[in-house]
Number of protein chains: 2
Amino acid sequence: MKALEERILKDGKVLPGHVLKVGNFLNHQIDTPFMMEMGKEIARIFEGDKPTKILTIEASGIALGMAAAVAMDLPLVFAKKKKSINVEDDLYSTIVHSYTHNIDYRVVVSKENLLAGERILIVDDFLANGCAIRGLMDLVAQAGGKVVGCTTAIEKGFQGGGDQLRAEGYKVESLAIVDEMTDHSLVFRK
Amino acid sequence: MKALEERILKDGKVLPGHVLKVGNFLNHQIDTPFMMEMGKEIARIFEGDKPTKILTIEASGIALGMAAAVAMDLPLVFAKKKKSINVEDDLYSTIVHSYTHNIDYRVVVSKENLLAGERILIVDDFLANGCAIRGLMDLVAQAGGKVVGCTTAIEKGFQGGGDQLRAEGYKVESLAIVDEMTDHSLVFRK
């Protein structure tokens with residue numbers, strides 16, 4: 001999505017450790033009309049895959065998830081991060097490793113909000129190594145649903161998580177893929 | 001908002017300890033078209049107050065914040081909950097007590113996303129004792145902005161936080177106010 005690449009170049013900030021800060025339009029302050037345009041682009045890419053529900057993860061996936069859900073007229077579910085490791089009967093649960101914070105955390109979704117047979121489109125703000133998306137996929141599998149695709153605003157292509165999912169046959173479409181990143185330049189995938 | 005009251009009666013579940021679960025349409029799974037209708041109602045109530053930005057708090061305020069931001073064509077900022085107590089120069093920070101979880105947590109917003117002179121409408125999913133909203137108000141005050149109003153989907157009127165804010169002169173409008181709540185009945189404020 002050309003407009004997103006231009007916006008990243010204009011407003012994004014690269015910090016040490018391959019951190020790309022886009023908090024002034026994407027995941028802290030949200031440029032609402034621009035986010036809704038991203039949702040329309042997701043709808044255009046995935047309408048043929050006929051998702052019946054959008055699944056994202058708190059907190060920074062929710063705004064893009066809403067934008068996509070509005071554009072596709074679908075319900076949105078956001079998985080929650082839990083500190084406690086108690087297993088609860090009414091939740092599907094999985095463990096996700098965060099390389100950013102170097103911790104494992106538990107991600108849950110209520111069983112009544114993820115059902116067998118549902119066709120799930122997974123949405124998140126960032127895709128790097130793919131751990132969060134794999135955790136969401138695991139929740140969908142536990143419920144007996146089907147992942148029809150994954151989409152994120154910004155994929156760090158150089159971290160390989162997206163390409164690995166593609167190699168496994170998943171439809172993964174990110175609105176901007178950064179293939180190279182230094183303190184001074186970003187190279188987007190053509 | 002009559003439609004919200006009806007939806008709470010239809011889909012809400014009362015659990016021990018005055019917990020009202022509305023996770024199948026409001027704050028876990030989101031009924032997207034219905035959420036967007038709530039956003040339009042918020043726009044109708046607050047358009048005369050001329051907010052320039054909407055402020056909410058992660059995670060469950062974000063969806064309603066987006067709905068209101070879309071309806072009013074405004075940017076949305078969501079404050080973040082932090083575990084670390086490190087003070088960082090680029091953040092406004094405050095402490096909020098959660099009665100639900102009986103902990104204090106730190107809430108922050110980047111200084112570049114909350115500016116002097118901005119007219120802020122605060123949005124959240126629930127209002128009970130008002131601690132979260134007061135924390136957001138404190139962040140706005142630190143930035144030199146002005147709170148033009150507060151709105152939530154569901155206010156637990158019997159906990160008093162909303163009425164206390166009204167007594168202090170704030171415009172607080174919740175889309176549904178529950179004044180009495182037992183395991184078997186809910187009474188909404190007229």
# chains A, B, ... in the order shown; residues from 1 in each chain; ligands from 1

$ residues_around --residues "Asp89 in chain B" --least-positions-apart "5" --cutoff "12 Å" --atoms "only C-alpha atoms" --output "ChimeraX atom specification"
/B:108-112

$ interface_residues --of "chain A" --to "chain B" --cutoff "6 Å" --atoms "only C-alpha atoms" --output "PyMOL selection string"
chain A and resi 28-32+58-59+75-78

$ residues_around --residues "range 159-168 of chain A" --least-positions-apart "5" --cutoff "12 Å" --atoms "only C-alpha atoms" --output "PyMOL selection string"
chain A and resi 18-19+99+126-134+137+147+149-152+154+173-174+176-181

$ write_last_selection --atoms "C-alpha atoms" --output "short mmCIF file (atom, residue, chain, number, x, y, z; two decimals), in the first residue's frame"
data_model
loop_
_atom_site.label_atom_id
_atom_site.label_comp_id
_atom_site.auth_asym_id
_atom_site.auth_seq_id
_atom_site.Cartn_x
_atom_site.Cartn_y
_atom_site.Cartn_z
CA HIS A 18 15.39 -2.71 14.55
CA VAL A 19 12.56 -0.91 16.32
CA TYR A 99 11.18 -11.25 21.39
CA PHE A 126 3.16 -5.70 13.16
CA LEU A 127 4.51 -9.01 11.86
CA ALA A 128 8.13 -9.80 12.69
CA ASN A 129 8.96 -13.38 13.64
CA GLY A 130 5.30 -14.36 13.55
CA CYS A 131 4.97 -15.58 17.15
CA ALA A 132 1.81 -13.62 17.91
CA ILE A 133 0.12 -14.76 14.70
CA ARG A 134 1.06 -18.38 15.36
CA MET A 137 -3.63 -19.60 14.77
CA VAL A 147 -7.56 -19.42 9.24
CA GLY A 149 -5.56 -15.39 5.92
CA CYS A 150 -3.31 -13.12 7.93
CA THR A 151 -2.74 -9.43 7.44
CA THR A 152 -0.70 -6.81 9.20
CA ILE A 154 3.82 -3.50 8.71
CA GLU A 173 -0.61 -10.03 3.03
CA SER A 174 0.98 -7.10 4.82
CA ALA A 176 3.91 -2.64 3.84
CA ILE A 177 6.88 -5.02 3.99
CA VAL A 178 10.20 -3.63 5.16
CA ASP A 179 12.99 -5.81 3.74
CA GLU A 180 15.92 -3.72 4.92
CA MET A 181 16.17 -1.33 7.82
#

$ atom_distance --atom1 "CA of Asn102 in chain B" --atom2 "CA of Gln142 in chain B"
25.5 Å

$ select_by_dssp --residues "range 56-190 of chain B" --states "strand (DSSP E)" --output "PyMOL selection string"
chain B and resi 56-57+76-82+91-98+103-110+119-127+146-156+172-181+186-188

$ write_last_selection --atoms "C-alpha atoms" --output "short mmCIF file (atom, residue, chain, number, x, y, z; two decimals), in the first residue's frame"
data_model
loop_
_atom_site.label_atom_id
_atom_site.label_comp_id
_atom_site.auth_asym_id
_atom_site.auth_seq_id
_atom_site.Cartn_x
_atom_site.Cartn_y
_atom_site.Cartn_z
CA THR B 56 -9.03 6.20 25.66
CA ILE B 57 -7.09 3.50 27.52
CA LEU B 76 -7.67 8.63 18.61
CA VAL B 77 -4.98 8.18 21.25
CA PHE B 78 -4.97 5.22 23.60
CA ALA B 79 -3.05 5.46 26.85
CA LYS B 80 -0.94 2.44 27.70
CA LYS B 81 -0.65 0.45 30.91
CA LYS B 82 2.94 -0.08 32.00
CA LEU B 91 5.92 10.20 28.52
CA TYR B 92 3.19 11.70 30.66
CA SER B 93 2.52 9.24 33.44
CA THR B 94 0.00 8.68 36.21
CA ILE B 95 -1.02 5.95 38.63
CA VAL B 96 -4.46 4.34 38.45
CA HIS B 97 -5.95 2.01 41.02
CA SER B 98 -7.95 -0.92 39.72
CA ILE B 103 -3.64 -3.26 42.00
CA ASP B 104 -2.11 0.07 41.10
CA TYR B 105 -0.82 0.38 37.58
CA ARG B 106 0.95 3.11 35.68
CA VAL B 107 -0.75 4.68 32.68
CA VAL B 108 1.29 6.60 30.15
CA VAL B 109 0.91 8.54 26.97
CA SER B 110 3.64 9.85 24.72
CA ARG B 119 -9.83 19.61 23.49
CA ILE B 120 -10.07 16.02 24.68
CA LEU B 121 -13.08 13.72 24.77
CA ILE B 122 -12.37 10.75 27.05
CA VAL B 123 -13.94 7.44 26.01
CA ASP B 124 -13.94 4.09 27.78
CA ASP B 125 -16.05 0.93 27.84
CA PHE B 126 -16.95 1.01 31.57
CA LEU B 127 -17.25 3.68 34.24
CA LYS B 146 -8.77 20.54 28.29
CA VAL B 147 -11.21 17.70 28.97
CA VAL B 148 -14.44 18.65 27.19
CA GLY B 149 -16.30 15.52 28.23
CA CYS B 150 -16.25 11.87 29.22
CA THR B 151 -18.32 9.08 27.77
CA THR B 152 -18.55 5.37 28.39
CA ALA B 153 -20.70 2.58 27.06
CA ILE B 154 -21.82 1.33 30.47
CA GLU B 155 -21.74 3.23 33.73
CA LYS B 156 -22.29 1.45 37.02
CA VAL B 172 -20.23 12.84 31.66
CA GLU B 173 -22.60 10.96 29.38
CA SER B 174 -22.77 7.19 29.45
CA LEU B 175 -24.79 5.32 26.86
CA ALA B 176 -26.34 3.13 29.54
CA ILE B 177 -26.34 3.71 33.31
CA VAL B 178 -27.04 0.75 35.56
CA ASP B 179 -28.38 2.05 38.87
CA GLU B 180 -29.19 -1.29 40.44
CA MET B 181 -27.76 -4.68 39.78
CA LEU B 186 -30.71 -4.71 36.17
CA VAL B 187 -32.32 -1.31 36.61
CA PHE B 188 -31.30 1.43 34.20
#

$ atom_distance --atom1 "CA of Asp90 in chain B" --atom2 "CA of Ala143 in chain B"
11.5 Å

$ closest_residue --among "A:Thr52, A:Gly135, A:Lys190, A:Asp183" --to "Ala116 in chain A" --atoms "only C-alpha atoms"
A:Thr52

$ select_by_dssp --residues "range 6-126 of chain A" --states "helix (DSSP H, G or I)" --output "ChimeraX atom specification"
/A:6-11,32-49,62-72,111-113

$ write_last_selection --atoms "C-alpha atoms" --output "PDB file, in the first residue's frame"
ATOM      1  CA  GLU A   6       5.034   6.980   2.233  1.00  0.00           C
ATOM      2  CA  ARG A   7       3.590   7.563   5.690  1.00  0.00           C
ATOM      3  CA  ILE A   8       6.185   5.312   7.320  1.00  0.00           C
ATOM      4  CA  LEU A   9       8.960   7.226   5.560  1.00  0.00           C
ATOM      5  CA  LYS A  10       7.423  10.537   6.630  1.00  0.00           C
ATOM      6  CA  ASP A  11       6.447   9.795  10.248  1.00  0.00           C
ATOM      7  CA  THR A  32      -8.474   7.462  12.082  1.00  0.00           C
ATOM      8  CA  PRO A  33      -9.326   8.191   8.415  1.00  0.00           C
ATOM      9  CA  PHE A  34      -6.003   6.679   7.331  1.00  0.00           C
ATOM     10  CA  MET A  35      -6.644   3.586   9.476  1.00  0.00           C
ATOM     11  CA  MET A  36     -10.062   3.191   7.853  1.00  0.00           C
ATOM     12  CA  GLU A  37      -8.382   3.336   4.422  1.00  0.00           C
ATOM     13  CA  MET A  38      -6.098   0.512   5.535  1.00  0.00           C
ATOM     14  CA  GLY A  39      -9.195  -1.441   6.560  1.00  0.00           C
ATOM     15  CA  LYS A  40     -10.653  -0.974   3.069  1.00  0.00           C
ATOM     16  CA  GLU A  41      -7.437  -2.239   1.506  1.00  0.00           C
ATOM     17  CA  ILE A  42      -7.595  -5.351   3.722  1.00  0.00           C
ATOM     18  CA  ALA A  43     -11.205  -5.869   2.646  1.00  0.00           C
ATOM     19  CA  ARG A  44     -10.170  -5.625  -1.011  1.00  0.00           C
ATOM     20  CA  ILE A  45      -7.397  -8.214  -0.553  1.00  0.00           C
ATOM     21  CA  PHE A  46      -9.403 -10.732   1.465  1.00  0.00           C
ATOM     22  CA  GLU A  47     -13.042 -10.402   0.360  1.00  0.00           C
ATOM     23  CA  GLY A  48     -12.642 -13.427  -1.945  1.00  0.00           C
ATOM     24  CA  ASP A  49     -11.543 -15.549   1.014  1.00  0.00           C
ATOM     25  CA  ILE A  62      -7.515  -3.591  17.874  1.00  0.00           C
ATOM     26  CA  ALA A  63      -7.690  -0.357  15.881  1.00  0.00           C
ATOM     27  CA  LEU A  64      -6.688  -1.984  12.591  1.00  0.00           C
ATOM     28  CA  GLY A  65      -8.919  -4.921  13.440  1.00  0.00           C
ATOM     29  CA  MET A  66     -11.845  -2.515  13.851  1.00  0.00           C
ATOM     30  CA  ALA A  67     -11.032  -0.799  10.560  1.00  0.00           C
ATOM     31  CA  ALA A  68     -10.990  -4.127   8.726  1.00  0.00           C
ATOM     32  CA  ALA A  69     -14.113  -5.350  10.526  1.00  0.00           C
ATOM     33  CA  VAL A  70     -16.012  -2.202   9.569  1.00  0.00           C
ATOM     34  CA  ALA A  71     -14.891  -2.464   5.937  1.00  0.00           C
ATOM     35  CA  MET A  72     -15.926  -6.136   5.750  1.00  0.00           C
ATOM     36  CA  LYS A 111     -14.663 -20.257  23.933  1.00  0.00           C
ATOM     37  CA  GLU A 112     -17.997 -18.626  23.225  1.00  0.00           C
ATOM     38  CA  ASN A 113     -16.313 -16.100  20.921  1.00  0.00           C
TER      39      ASN A 113
END

$ atom_distance --atom1 "CA of Lys21 in chain B" --atom2 "CA of Val140 in chain A"
22.5 Å

$ decode --residues "range 113-142 of chain B" --atoms "N, CA and C atoms" --output "PDB file, in the first residue's frame"
ATOM      1  N   ASN B 113       1.900  12.903  21.609  1.00  0.00           N
ATOM      2  CA  ASN B 113       0.530  12.587  21.201  1.00  0.00           C
ATOM      3  C   ASN B 113      -0.544  13.252  22.062  1.00  0.00           C
ATOM      4  N   LEU B 114      -0.129  14.093  22.986  1.00  0.00           N
ATOM      5  CA  LEU B 114      -1.087  14.827  23.826  1.00  0.00           C
ATOM      6  C   LEU B 114      -0.498  16.223  24.005  1.00  0.00           C
ATOM      7  N   LEU B 115      -1.194  17.237  23.488  1.00  0.00           N
ATOM      8  CA  LEU B 115      -0.576  18.558  23.356  1.00  0.00           C
ATOM      9  C   LEU B 115      -1.364  19.625  24.105  1.00  0.00           C
ATOM     10  N   ALA B 116      -0.683  20.670  24.455  1.00  0.00           N
ATOM     11  CA  ALA B 116      -1.335  21.824  25.078  1.00  0.00           C
ATOM     12  C   ALA B 116      -2.406  22.365  24.145  1.00  0.00           C
ATOM     13  N   GLY B 117      -3.527  22.744  24.732  1.00  0.00           N
ATOM     14  CA  GLY B 117      -4.582  23.373  23.952  1.00  0.00           C
ATOM     15  C   GLY B 117      -5.545  22.410  23.283  1.00  0.00           C
ATOM     16  N   GLU B 118      -5.236  21.125  23.298  1.00  0.00           N
ATOM     17  CA  GLU B 118      -6.164  20.168  22.673  1.00  0.00           C
ATOM     18  C   GLU B 118      -7.429  20.026  23.530  1.00  0.00           C
ATOM     19  N   ARG B 119      -8.534  19.798  22.833  1.00  0.00           N
ATOM     20  CA  ARG B 119      -9.830  19.613  23.488  1.00  0.00           C
ATOM     21  C   ARG B 119     -10.149  18.111  23.444  1.00  0.00           C
ATOM     22  N   ILE B 120     -10.081  17.482  24.613  1.00  0.00           N
ATOM     23  CA  ILE B 120     -10.075  16.017  24.685  1.00  0.00           C
ATOM     24  C   ILE B 120     -11.430  15.464  25.126  1.00  0.00           C
ATOM     25  N   LEU B 121     -11.925  14.512  24.351  1.00  0.00           N
ATOM     26  CA  LEU B 121     -13.079  13.715  24.767  1.00  0.00           C
ATOM     27  C   LEU B 121     -12.552  12.354  25.219  1.00  0.00           C
ATOM     28  N   ILE B 122     -12.826  12.025  26.480  1.00  0.00           N
ATOM     29  CA  ILE B 122     -12.373  10.749  27.049  1.00  0.00           C
ATOM     30  C   ILE B 122     -13.447   9.680  26.837  1.00  0.00           C
ATOM     31  N   VAL B 123     -13.016   8.537  26.322  1.00  0.00           N
ATOM     32  CA  VAL B 123     -13.940   7.437  26.010  1.00  0.00           C
ATOM     33  C   VAL B 123     -13.428   6.162  26.682  1.00  0.00           C
ATOM     34  N   ASP B 124     -14.337   5.395  27.267  1.00  0.00           N
ATOM     35  CA  ASP B 124     -13.945   4.087  27.785  1.00  0.00           C
ATOM     36  C   ASP B 124     -15.150   3.158  27.713  1.00  0.00           C
ATOM     37  N   ASP B 125     -14.911   1.863  27.908  1.00  0.00           N
ATOM     38  CA  ASP B 125     -16.049   0.931  27.842  1.00  0.00           C
ATOM     39  C   ASP B 125     -16.892   0.988  29.118  1.00  0.00           C
ATOM     40  N   PHE B 126     -16.228   1.024  30.282  1.00  0.00           N
ATOM     41  CA  PHE B 126     -16.952   1.008  31.566  1.00  0.00           C
ATOM     42  C   PHE B 126     -16.568   2.199  32.430  1.00  0.00           C
ATOM     43  N   LEU B 127     -17.514   2.676  33.203  1.00  0.00           N
ATOM     44  CA  LEU B 127     -17.245   3.678  34.241  1.00  0.00           C
ATOM     45  C   LEU B 127     -17.844   3.147  35.545  1.00  0.00           C
ATOM     46  N   ALA B 128     -16.999   2.947  36.540  1.00  0.00           N
ATOM     47  CA  ALA B 128     -17.499   2.453  37.835  1.00  0.00           C
ATOM     48  C   ALA B 128     -17.160   3.497  38.894  1.00  0.00           C
ATOM     49  N   ASN B 129     -15.976   3.390  39.485  1.00  0.00           N
ATOM     50  CA  ASN B 129     -15.582   4.393  40.482  1.00  0.00           C
ATOM     51  C   ASN B 129     -14.880   5.591  39.846  1.00  0.00           C
ATOM     52  N   GLY B 130     -14.561   5.468  38.562  1.00  0.00           N
ATOM     53  CA  GLY B 130     -14.000   6.611  37.840  1.00  0.00           C
ATOM     54  C   GLY B 130     -12.487   6.731  37.899  1.00  0.00           C
ATOM     55  N   CYS B 131     -11.804   5.732  38.466  1.00  0.00           N
ATOM     56  CA  CYS B 131     -10.340   5.831  38.612  1.00  0.00           C
ATOM     57  C   CYS B 131      -9.624   5.943  37.271  1.00  0.00           C
ATOM     58  N   ALA B 132     -10.031   5.141  36.306  1.00  0.00           N
ATOM     59  CA  ALA B 132      -9.357   5.170  35.008  1.00  0.00           C
ATOM     60  C   ALA B 132      -9.558   6.539  34.352  1.00  0.00           C
ATOM     61  N   ILE B 133     -10.781   7.051  34.407  1.00  0.00           N
ATOM     62  CA  ILE B 133     -11.058   8.350  33.782  1.00  0.00           C
ATOM     63  C   ILE B 133     -10.287   9.465  34.483  1.00  0.00           C
ATOM     64  N   ARG B 134     -10.205   9.400  35.793  1.00  0.00           N
ATOM     65  CA  ARG B 134      -9.419  10.425  36.496  1.00  0.00           C
ATOM     66  C   ARG B 134      -7.936  10.345  36.130  1.00  0.00           C
ATOM     67  N   GLY B 135      -7.451   9.142  35.907  1.00  0.00           N
ATOM     68  CA  GLY B 135      -6.074   8.999  35.455  1.00  0.00           C
ATOM     69  C   GLY B 135      -5.873   9.649  34.090  1.00  0.00           C
ATOM     70  N   LEU B 136      -6.809   9.416  33.183  1.00  0.00           N
ATOM     71  CA  LEU B 136      -6.706  10.036  31.853  1.00  0.00           C
ATOM     72  C   LEU B 136      -6.799  11.556  31.966  1.00  0.00           C
ATOM     73  N   MET B 137      -7.687  12.033  32.839  1.00  0.00           N
ATOM     74  CA  MET B 137      -7.805  13.486  33.055  1.00  0.00           C
ATOM     75  C   MET B 137      -6.488  14.076  33.543  1.00  0.00           C
ATOM     76  N   ASP B 138      -5.814  13.345  34.416  1.00  0.00           N
ATOM     77  CA  ASP B 138      -4.535  13.811  34.933  1.00  0.00           C
ATOM     78  C   ASP B 138      -3.519  13.936  33.799  1.00  0.00           C
ATOM     79  N   LEU B 139      -3.509  12.977  32.884  1.00  0.00           N
ATOM     80  CA  LEU B 139      -2.585  13.047  31.743  1.00  0.00           C
ATOM     81  C   LEU B 139      -2.878  14.276  30.882  1.00  0.00           C
ATOM     82  N   VAL B 140      -4.170  14.537  30.655  1.00  0.00           N
ATOM     83  CA  VAL B 140      -4.556  15.709  29.847  1.00  0.00           C
ATOM     84  C   VAL B 140      -4.106  16.991  30.542  1.00  0.00           C
ATOM     85  N   ALA B 141      -4.299  17.043  31.847  1.00  0.00           N
ATOM     86  CA  ALA B 141      -3.883  18.228  32.607  1.00  0.00           C
ATOM     87  C   ALA B 141      -2.378  18.436  32.525  1.00  0.00           C
ATOM     88  N   GLN B 142      -1.614  17.345  32.644  1.00  0.00           N
ATOM     89  CA  GLN B 142      -0.155  17.454  32.539  1.00  0.00           C
ATOM     90  C   GLN B 142       0.258  18.051  31.198  1.00  0.00           C
TER      91      GLN B 142
END
